[in-house]
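For reference, the structure discussed in these notes is given below.
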Amino acid sequence: MPDLPRRQFDSLIIGAGGGGLRAALQLSNAEASVAVVSKVFPTRSHTVAAQGGMNAALANVLPDNWHWHMFDTVKGSDYLGDQDAIEYMCRAAPQAVYELEHFGVPFSRMDNGTIYQRPFGGQSQNFGGDQAARTCAAADRTGHAILHSLYQQNIRAKTHFFDEYFAVDLLKDQQGYVLGALAFDIHNGEPVVIEAKTTLLATGGAGQIFRTTTNALINTGDGMSMALRAGVPLQDMEFFQFHPTGIAGRGMLITEGARGEGGYLINADGERMMERYAPKAKDLASRDVVSRAIATEVREGRGCGPNKDHVMLKLDHLGEDVIQKRLPGIRQTCITFLGIDPAETPIPIFPTAHYTMGGIPTNRHGQVVVPVKDTPEEPVPGLYAAGECACVSVHGANRLGGNSLLDIVVFGRAAANHIIEYLADNRYHRRLDAGSLESALQRVQRWDSKPTGDGESIAVLRDELKAVMENHCSVFRNEDVLTEGVAKVEQLVERFKYARIDDSSAVFNTARVEALELENLFGVALATIHSAHARKESRGAHSRIDYTERDDMNWMRHSLYSLETGMDYKPVRTKPISVESFPPKARVY
Amino acid sequence: MSSAGIEFAELKWRCRRGMLELDILLNTYLEKHRETMSQHQRAVFSEMLEYPDQVLLDLLLSNMRSSKAEINSLITEIQRAQVSTASET
């Protein structure tokens, strides 16, 4: 076995966003020794970007209860969410909010001192009745407040942090127990074997597989691909949430408020294009309709700009006073990132990838589960996942606003509670399999040799992958487009085998990190496009032009994609824990 | 790698943030000025990177100003670099 530095902990957590930190805190408070590996400083995790808030049926503003929240989440998921996990999450939500408050999150308050709650789309009272107000927020920086509070609590609880370490691969024994990971210090390239009785993946989403995304550069699906390489299939990867109005070529959101105030989309001919796609609602049609309309205009050659690759959002007719008064944030974003003032110039727009509903399959205890023979959900011993990288599945085919922060906190905590039980039954470290470590090490060492030959660069392959995913697997999906996309991604995977980097040094070799990240992006992209190609229906965020209806008879099931065996499926858990199931109905708002 | 190269790589990695907006603004500036930044400018840039993400975003979107004049000048330079890059593309 390679002679490498080794560290031993009860529990290893990979990723230091809200899910990872919530789990780490629960474990440290229970006297477990906990290591958190993060490729960036923990408070620079993507949770910091979540502005909206966190759903919980506190009933502080309007009447509410967890069962209504559960109904909304099941309906929002287009009946692909697992109802036991959804019940668990909605019941746990109020407690999760109060715990965060005690950890120091400064939730906005009402005059009577209780936590303020704002209404969000998809929230209802009494199972589809009047609008509910369920989202707790710390002004417009809820994610930031949660992340910083949890980090500080972890410092107090003496969680051990490996800051700016890159986790390469999971390590196992011959019986299939997951026993930690190989990581390396980005500062000096030194590898370290982190042995742990349990490992929790909490590495967030994978929006970087698309060219236009709201996700930060760090969101490269590292944990998802580590799981794939360890033989765990990825679940429901075809379900990726897009916002119709991202800034073209940049990805940042322009909120629906811009169209709500009277803004409208135009194509290269200056035509108000949404009149053709949605004659009544026009620019206020649902997100998927607007997204597909934009993609169709571009595909049919009516896109704007030299590359005809976007449309324009026109606001200038509203006048400078209205824009400054009602849309100041959008105006500032455009001035800063594009150097244009929307009071004078239209904004270039293209749909932007926002949230990964799919991920590593888990049960509601955070245990990673895989099909074994006739059992669809057999836990992988020692392996857990939580947050956006996981698929519990509470979001199913479409996530409701305010449920992602809730997901990371509730299931980070649930996973930790199960880990505590597991540790009580598994008190000793098991022996690593040498082959598992060797293959992880080889993945890193591949990039250590001096560049030879004329292999392609990482940047070229990455840009090409993102373009292929955008053109073949974003909001415009049909058989031909997806078939061609699958072939193109697979060709890119082949070309990647011969890729090279020019930096073979050990110290701060970010080129090597980017190469390993690209390998992770390829894993996620393969899972996403194969799953999208296979699902012959439209459900939630997966919208196909050639199969426009939801098909519960054939497709109310979870997709599973594995590198070894391709596509497989398993049933949706329609039985909640303690209440009656919500049977599938048309998802009408 | 040279010590200047290592310092640049370290700064580049610290530009990896939790928000896409910061990734774009910080990396655009750093790539544009990597050859011309003085030791002092690199030190100011490094100091600015210590701000939490949300504060950094507020500074870069002109929602607040730093108490340090050097940081404010740098913020203006980063904004200019972004606008000039946007107009080139």
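Identifiers in the structure tokens: chain A, B, ... in order shown; residue index from 1 per chain; ligand index from 1 in order shown.
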Polymer residues at most 8 Å from range 4-14 of chain B, only C-alpha atoms, same-chain spacing of 3 or more positions, as a PyMOL selection string: (chain A and resi 40+187+507-510) or (chain B and resi 1+17+27+30+34+46+49)
Could you produce a table of the residues of chain B lying within 10 Å of chain A, with the nearest pair of atoms per residue and their separation in Å rounded to one decimal, using only C-alpha atoms, ordered by chain and increasing residue number, as JSON lines?
{"residue": "B:Met1", "atom": "CA", "partner": "A:Ser505", "partner_atom": "CA", "distance": 6.5}
{"residue": "B:Ser3", "atom": "CA", "partner": "A:Val507", "partner_atom": "CA", "distance": 9.9}
{"residue": "B:Gly5", "atom": "CA", "partner": "A:Phe508", "partner_atom": "CA", "distance": 9.2}
{"residue": "B:Ile6", "atom": "CA", "partner": "A:Phe508", "partner_atom": "CA", "distance": 6.3}
{"residue": "B:Glu7", "atom": "CA", "partner": "A:Phe508", "partner_atom": "CA", "distance": 8.6}
{"residue": "B:Phe8", "atom": "CA", "partner": "A:Phe508", "partner_atom": "CA", "distance": 9.2}
{"residue": "B:Ala9", "atom": "CA", "partner": "A:Phe508", "partner_atom": "CA", "distance": 6.0}
{"residue": "B:Glu10", "atom": "CA", "partner": "A:Phe508", "partner_atom": "CA", "distance": 6.2}
{"residue": "B:Leu11", "atom": "CA", "partner": "A:Phe508", "partner_atom": "CA", "distance": 9.8}
{"residue": "B:Lys12", "atom": "CA", "partner": "A:Thr510", "partner_atom": "CA", "distance": 8.4}
{"residue": "B:Trp13", "atom": "CA", "partner": "A:Thr510", "partner_atom": "CA", "distance": 7.1}
{"residue": "B:Arg14", "atom": "CA", "partner": "A:Val40", "partner_atom": "CA", "distance": 7.6}
{"residue": "B:Cys15", "atom": "CA", "partner": "A:Val40", "partner_atom": "CA", "distance": 9.6}
{"residue": "B:Arg16", "atom": "CA", "partner": "A:Leu217", "partner_atom": "CA", "distance": 6.8}
{"residue": "B:Arg17", "atom": "CA", "partner": "A:Arg44", "partner_atom": "CA", "distance": 5.0}
{"residue": "B:Gly18", "atom": "CA", "partner": "A:His46", "partner_atom": "CA", "distance": 4.0}
{"residue": "B:Met19", "atom": "CA", "partner": "A:Ala216", "partner_atom": "CA", "distance": 5.1}
{"residue": "B:Leu20", "atom": "CA", "partner": "A:Ala216", "partner_atom": "CA", "distance": 4.0}
{"residue": "B:Glu21", "atom": "CA", "partner": "A:Met252", "partner_atom": "CA", "distance": 7.1}
{"residue": "B:Leu22", "atom": "CA", "partner": "A:Ala216", "partner_atom": "CA", "distance": 8.4}
{"residue": "B:Asp23", "atom": "CA", "partner": "A:Ala216", "partner_atom": "CA", "distance": 6.8}
{"residue": "B:Ile24", "atom": "CA", "partner": "A:Arg250", "partner_atom": "CA", "distance": 8.0}
{"residue": "B:Leu25", "atom": "CA", "partner": "A:Phe337", "partner_atom": "CA", "distance": 7.8}
{"residue": "B:Pro52", "atom": "CA", "partner": "A:Thr43", "partner_atom": "CA", "distance": 7.4}
{"residue": "B:Asp53", "atom": "CA", "partner": "A:Arg44", "partner_atom": "CA", "distance": 6.6}
{"residue": "B:Gln54", "atom": "CA", "partner": "A:His144", "partner_atom": "CA", "distance": 7.0}
{"residue": "B:Leu60", "atom": "CA", "partner": "A:Thr336", "partner_atom": "CA", "distance": 8.0}
{"residue": "B:Leu61", "atom": "CA", "partner": "A:Gln332", "partner_atom": "CA", "distance": 6.5}
{"residue": "B:Ser62", "atom": "CA", "partner": "A:Gln332", "partner_atom": "CA", "distance": 8.1}
{"residue": "B:Asn63", "atom": "CA", "partner": "A:Gln332", "partner_atom": "CA", "distance": 9.2}
{"residue": "B:Ile78", "atom": "CA", "partner": "A:Thr336", "partner_atom": "CA", "distance": 9.6}
{"residue": "B:Gln79", "atom": "CA", "partner": "A:Thr336", "partner_atom": "CA", "distance": 6.2}
{"residue": "B:Arg80", "atom": "CA", "partner": "A:Thr336", "partner_atom": "CA", "distance": 8.4}
{"residue": "B:Ala81", "atom": "CA", "partner": "A:Phe337", "partner_atom": "CA", "distance": 9.7}
{"residue": "B:Gln82", "atom": "CA", "partner": "A:Phe337", "partner_atom": "CA", "distance": 6.1}
{"residue": "B:Val83", "atom": "CA", "partner": "A:Gly339", "partner_atom": "CA", "distance": 4.8}
{"residue": "B:Ser84", "atom": "CA", "partner": "A:Gly339", "partner_atom": "CA", "distance": 7.7}
{"residue": "B:Thr85", "atom": "CA", "partner": "A:Leu338", "partner_atom": "CA", "distance": 8.5}
{"residue": "B:Ala86", "atom": "CA", "partner": "A:Leu338", "partner_atom": "CA", "distance": 5.3}
{"residue": "B:Ser87", "atom": "CA", "partner": "A:Gly339", "partner_atom": "CA", "distance": 7.1}
{"residue": "B:Thr89", "atom": "CA", "partner": "A:Gly249", "partner_atom": "CA", "distance": 9.6}
Selection near Gly231 in chain A, 9 Å with only C-alpha atoms, sequence-local residues under 6 positions removed, as JSON, numbers by chain: {"A": [370, 562, 563, 564]}
Could you write out the selected residues, including C-alpha atoms, as a PDB file, in the first residue's frame?
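Dumped everything to out_34.pdb:
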ATOM      1  CA  VAL A 370     -28.095   1.606  -4.138  1.00  0.00           C
ATOM      2  CA  SER A 562     -24.363   4.340 -13.376  1.00  0.00           C
ATOM      3  CA  LEU A 563     -21.076   4.358 -15.259  1.00  0.00           C
ATOM      4  CA  GLU A 564     -21.035   0.551 -15.399  1.00  0.00           C
TER       5      GLU A 564
END
Residues near Lys68 in chain B, cut-off 10 Å, only C-alpha atoms, skip fewer than 4 positions along chain, as a ChimeraX atom specification: /B:48,72-73
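Residues in contact with Leu59 in chain B at up to 10 Å, not including ones fewer than 5 positions away on its chain and judged by only C-alpha atoms, are Tyr51, Asp53, Gln54, Met64, Arg65, Ser66, Ile71, Asn72, Ile75 and Thr76 of chain B.
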Mind dumping the selected residues with N, CA, C and O atoms as a PDB file, in the first residue's frame?
ATOM      1  N   TYR B  51     -12.282  39.983   2.835  1.00  0.00           N
ATOM      2  CA  TYR B  51     -13.679  40.322   3.141  1.00  0.00           C
ATOM      3  C   TYR B  51     -14.578  39.115   2.933  1.00  0.00           C
ATOM      4  O   TYR B  51     -14.372  38.333   1.990  1.00  0.00           O
ATOM      5  N   ASP B  53     -17.812  37.118   1.540  1.00  0.00           N
ATOM      6  CA  ASP B  53     -18.388  37.223   0.192  1.00  0.00           C
ATOM      7  C   ASP B  53     -19.457  38.310   0.088  1.00  0.00           C
ATOM      8  O   ASP B  53     -19.490  39.076  -0.869  1.00  0.00           O
ATOM      9  N   GLN B  54     -20.355  38.345   1.052  1.00  0.00           N
ATOM     10  CA  GLN B  54     -21.473  39.280   0.953  1.00  0.00           C
ATOM     11  C   GLN B  54     -20.978  40.729   1.011  1.00  0.00           C
ATOM     12  O   GLN B  54     -21.478  41.597   0.283  1.00  0.00           O
ATOM     13  N   MET B  64     -21.856  49.729  -0.835  1.00  0.00           N
ATOM     14  CA  MET B  64     -21.139  50.267   0.329  1.00  0.00           C
ATOM     15  C   MET B  64     -19.712  50.613  -0.075  1.00  0.00           C
ATOM     16  O   MET B  64     -19.257  50.240  -1.157  1.00  0.00           O
ATOM     17  N   ARG B  65     -19.033  51.350   0.814  1.00  0.00           N
ATOM     18  CA  ARG B  65     -17.639  51.702   0.548  1.00  0.00           C
ATOM     19  C   ARG B  65     -16.783  51.232   1.712  1.00  0.00           C
ATOM     20  O   ARG B  65     -17.240  51.188   2.852  1.00  0.00           O
ATOM     21  N   SER B  66     -15.559  50.862   1.391  1.00  0.00           N
ATOM     22  CA  SER B  66     -14.632  50.458   2.441  1.00  0.00           C
ATOM     23  C   SER B  66     -14.121  51.694   3.175  1.00  0.00           C
ATOM     24  O   SER B  66     -14.122  52.808   2.631  1.00  0.00           O
ATOM     25  N   ILE B  71      -8.530  50.271  -0.913  1.00  0.00           N
ATOM     26  CA  ILE B  71      -9.492  49.235  -1.300  1.00  0.00           C
ATOM     27  C   ILE B  71     -10.536  49.836  -2.249  1.00  0.00           C
ATOM     28  O   ILE B  71     -10.895  49.223  -3.262  1.00  0.00           O
ATOM     29  N   ASN B  72     -10.990  51.029  -1.930  1.00  0.00           N
ATOM     30  CA  ASN B  72     -11.992  51.666  -2.796  1.00  0.00           C
ATOM     31  C   ASN B  72     -11.436  51.906  -4.203  1.00  0.00           C
ATOM     32  O   ASN B  72     -12.145  51.727  -5.194  1.00  0.00           O
ATOM     33  N   ILE B  75     -11.457  48.612  -5.939  1.00  0.00           N
ATOM     34  CA  ILE B  75     -12.835  48.253  -6.329  1.00  0.00           C
ATOM     35  C   ILE B  75     -13.189  48.954  -7.645  1.00  0.00           C
ATOM     36  O   ILE B  75     -13.748  48.348  -8.568  1.00  0.00           O
ATOM     37  N   THR B  76     -12.848  50.227  -7.742  1.00  0.00           N
ATOM     38  CA  THR B  76     -13.124  50.981  -8.975  1.00  0.00           C
ATOM     39  C   THR B  76     -12.392  50.356 -10.157  1.00  0.00           C
ATOM     40  O   THR B  76     -12.950  50.223 -11.260  1.00  0.00           O
TER      41      THR B  76
END
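Interatomic distance, CA of Asp454 in chain A against CA of Val524 in chain A: 26.4 Å.
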DSSP-assigned strand (DSSP E or B) among range 2-128 of chain A, expressed as JSON, numbers by chain: {"A": [6, 7, 8, 9, 10, 11, 12, 13, 14, 34, 35, 36, 37, 38, 54, 55, 109, 115, 117, 118, 124]}
Could you save the residues just selected, with C-alpha atoms, as a PDB file, in the first residue's frame?
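For reference, selection23.pdb as written:
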ATOM      1  CA  ARG A   6      -2.674   9.329   7.316  1.00  0.00           C
ATOM      2  CA  ARG A   7      -5.183  10.972   9.607  1.00  0.00           C
ATOM      3  CA  GLN A   8      -7.992   9.167  11.397  1.00  0.00           C
ATOM      4  CA  PHE A   9     -11.402  10.545  12.412  1.00  0.00           C
ATOM      5  CA  ASP A  10     -14.756   9.135  13.379  1.00  0.00           C
ATOM      6  CA  SER A  11     -16.401  11.033  10.570  1.00  0.00           C
ATOM      7  CA  LEU A  12     -15.233  12.759   7.406  1.00  0.00           C
ATOM      8  CA  ILE A  13     -17.378  15.415   5.757  1.00  0.00           C
ATOM      9  CA  ILE A  14     -16.536  16.514   2.235  1.00  0.00           C
ATOM     10  CA  VAL A  34     -14.965  15.224  12.792  1.00  0.00           C
ATOM     11  CA  ALA A  35     -12.915  16.372   9.799  1.00  0.00           C
ATOM     12  CA  VAL A  36     -14.343  18.705   7.170  1.00  0.00           C
ATOM     13  CA  VAL A  37     -12.542  18.886   3.819  1.00  0.00           C
ATOM     14  CA  SER A  38     -13.268  21.930   1.676  1.00  0.00           C
ATOM     15  CA  MET A  54     -36.032  28.833   4.348  1.00  0.00           C
ATOM     16  CA  ASN A  55     -39.538  27.357   4.509  1.00  0.00           C
ATOM     17  CA  ARG A 109     -38.628  39.794  12.812  1.00  0.00           C
ATOM     18  CA  ILE A 115     -39.829  35.499  13.022  1.00  0.00           C
ATOM     19  CA  GLN A 117     -42.217  35.009   7.034  1.00  0.00           C
ATOM     20  CA  ARG A 118     -42.641  36.030   3.416  1.00  0.00           C
ATOM     21  CA  SER A 124     -50.629  27.445  -0.165  1.00  0.00           C
TER      22      SER A 124
END
Picked from range 94-258 of chain A by DSSP as alpha helix (DSSP H), as a VMD selection string: chain A and resid 94 to 103 142 to 156 222 to 229 257 to 258
Residue neighbourhood Gly223 in chain A, 10 Å, only C-alpha atoms, exclusion window fewer than 6 positions, as a PyMOL selection string: chain A and resi 14-15+167-170+200-206+229+359-360+385+389-390+520+524
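The smallest atom-to-atom distance between Leu182 in chain A and any of A:Ala440, A:Val481, A:Ile266, A:Val311, using only C-alpha atoms, is found for A:Ala440.
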Near-Lys536 in chain A list (8 Å; only C-alpha atoms; drop same-chain fewer than 3 positions) as JSON, numbers by chain: {"A": [533, 544, 547, 555]}
Filtering to C-alpha atoms, could you give me those residues as a compact mmCIF listing (two decimals), in the first residue's frame?
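File again16.txt, as written:
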# COMPACT_ATOMS: atom_id res chain seq x y z
CA HIS A 533 -32.50 11.15 -23.22
CA ARG A 544 -39.57 17.48 -23.83
CA TYR A 547 -43.34 14.05 -25.19
CA TRP A 555 -42.57 7.24 -15.78
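One distance worth recording is that between CA of Glu438 in chain A and CA of Leu171 in chain A, which is 9.6 Å.
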